[in-house]
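Read the structure below first, then the notes.
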Amino acid sequence: MERFSNLNSILAFVIVAREGSVSRAADVLNLTQPAVSHQIRRLSEDIGVTLFTRTPRGLDLTPDAQHLLPKAEEVLRVMAEFRRAASQHSDHISGTLRLGTIIDPEFIRLGRLLSQLGASNPRITTELVHGVSGEILERILRRQVDAGYYLAAPDQLEALPSETELHAQKLADFAYRIIAPPGWDARVAGAGWAELARLPWIGTPEVSVHNRLLSRIFAEHDCQQNTVAQVDHEASMLEMVRSGVGLSLCRESIALHQRQSNGVVICETLSVPASLGVLTLKDRLEDPLIAAFFDQLSAVWSPIS
């Protein structure tokens with residue numbers, strides 16, 4: 001009987017084609033590079049077609065593979081539909097939901113959400129992946145997580161669904177404030193963005209919401225942020241502000257608490273609007289796991305507050 005490759009080999013082919021390298025595909029698939037290479041080699045041998053050629057940029061599809069790629073993607077779509085249909089006719093939804101989380105669990109209401117999800121769907125387990133917003137977005141696009149939280153300017157969050165293959169659900173609007181070390185009252189009182197930009201700032205990675213918000217604001221005011229240090233964790237950022245290193249953005253509720261308990265200074269004249277949302281890929285919305293997650297998400301966050 002003629003051999004036919006399994007779905008894992010077809011999936012490896014599609015992901016390597018999309019990522020352009022075995023190493024990046026291995027990250028997406030959570031496999032070792034030799035395992036992915038084996039799947040590609042097996043598929044190539046089974047169908048008698050060379051799939052990739054190596055170039056200085058990475059791996060390029062051969063002409064034959066370019067013809068086969070849409071067929072492979074269709075196979076995966078059909079199998080996903082089959083699994084969804086099977087789950088919908090089952091009494092219980094089961095599986096592992098990979099969820100990207102950000103900032104602190106209390107702010108995103110994570111505990112309440114997971115509690116209600118578990119109570120309604122006891123056969124769903126959750127796997128949490130923590131990071132900053134931009135990292136979670138990248139993991140969603142690369143299908144490393146099923147859904148994830150995201151922070152952005154309100155208009156940027158609203159624009160995501162129309163610009164990409166993403167589905168975005170807004171959960172809440174809130175504000176960031178500019179905080180400064182204790183004793184810096186005179187330095188920030190009445191200051192505009194151009195004056196604030198010249199003061200020392202604690203920077204954050206490019207993929208963080210702080211960086212995205214501030215880069216946009218300073219570009220609009222034609223000024224350059226004076227970054228003297230960089231952190232990727234909110235607790236470290238607050239400690240550096242308290243220690244006198246420089247300015248930072250901070251969620252308003254935390255800024256008010258830090259002023260009361262540690263004497264940090266809040267710039268009273270400026271605030272930065274932001275939104276919290278949850279993202280997933282549009283083609284995942286009918287997946288029973290994703291649907292169950294969004295059902296509980298709506299219950300936890302309704303009405304928007």
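Following the order of the structure tokens, chains are lettered A, B, ..., residues in each are numbered from 1, and ligands are numbered from 1.
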Discussion item. I need the residues of segment 7-251 of chain A that end up classed as strand (DSSP E or B) by DSSP on the backbone, written out as a PyMOL selection string.
Written reply: chain A and resi 52-55+58-61+95-101+124-130+147-152+166-180+200-203+226-230+247-251
Worksheet item: So which residues touch Leu213 of chain A within 8 Å, counting only C-alpha atoms, skipping near sequence neighbours fewer than 6 positions away, as number ranges by chain?
Response: A: 152-153, 272
Fill in: From A:Leu110, A:Ala235, A:Val129, A:Leu7, residue lying nearest Ala72 of chain A [only C-alpha atoms]
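Under the stated criterion, the closest residue is A:Leu7.
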Discussion item. At a cut-off of 10 Å, using only C-alpha atoms, what residues contact Arg259 of chain A? Leave out same-chain residues fewer than 2 positions from it and give the result as a ChimeraX atom specification.
Written reply: /A:179-182,242,254-257,261-266
Worksheet item: Which neighbours of Met240 of chain A fall inside 10 Å, counting only C-alpha atoms, when residues of the same chain fewer than 4 positions from it are skipped, and could you give them as a PyMOL selection string?
Response: chain A and resi 180-181+201-202+229-231+234-236+244-248
Discussion item. So that I can see what lies close to Leu157 of chain A, please list as an MDAnalysis selection string the residues with an atom at most 9 Å from it, counting only C-alpha atoms and leaving out residues fewer than 2 positions away in the same chain.
Written reply: chainID A and resid 150:155 159:161 168:170 274:277
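If you measure from each of A:Gln33, A:Ser302, A:Gln225, A:Thr204 to Ala172 of chain A using only C-alpha atoms, the closest one turns out to be A:Ser302.
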For Asp222 of chain A, work out the shell of residues within 12 Å, counting only C-alpha atoms and skipping chain neighbours fewer than 6 positions away, then give it as an mmCIF file with C-alpha atoms, in the first residue's frame.
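The result, written out as out25.cif:
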data_model
loop_
_atom_site.group_PDB
_atom_site.id
_atom_site.type_symbol
_atom_site.label_atom_id
_atom_site.label_comp_id
_atom_site.auth_asym_id
_atom_site.auth_seq_id
_atom_site.Cartn_x
_atom_site.Cartn_y
_atom_site.Cartn_z
ATOM 1 C CA TRP A 193 5.639 66.865 26.307
ATOM 2 C CA ALA A 194 8.653 68.675 24.865
ATOM 3 C CA GLU A 195 9.845 69.719 28.344
ATOM 4 C CA ALA A 197 11.061 64.567 26.948
ATOM 5 C CA LEU A 214 5.349 57.302 24.097
ATOM 6 C CA SER A 215 7.068 56.888 20.728
ATOM 7 C CA ARG A 216 3.885 58.022 19.044
#
Worksheet item: Looking at only C-alpha atoms, which of A:Glu165, A:Asp46, A:Thr32, A:Arg198 is the one that sits closest to Arg142 of chain A?
Response: A:Glu165
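Of the residues listed (A:Ser120, A:Ser208, A:Gln260, A:Thr164), A:Thr164 shows the shortest atom-to-atom separation from Leu281 of chain A; distances use only C-alpha atoms.
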Item to complete: Quick one: everything within 7 Å of segment 37-40 of chain A, counting only C-alpha atoms, minus sequence neighbours fewer than 2 positions away in the same chain. Send it as a PyMOL selection string.
Response: chain A and resi 9+12-13+22+33-35+42-44
Worksheet item: How far is it from atom CA of Leu199 of chain A to atom CA of Asn226 of chain A, in Å with one decimal?
Response: 6.2 Å
Worksheet item: Could you pull out all residues of segment 22-157 of chain A with a DSSP call of helix (DSSP H, G or I) and give them as a PyMOL selection string?
Response: chain A and resi 22-29+33-47+63-88+110-120+133-141+154-157
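If only C-alpha atoms are the atoms counted, then among A:Ile136, A:Ala189, A:Leu270, A:Val36 the closest residue to Gly100 of chain A is A:Ile136.
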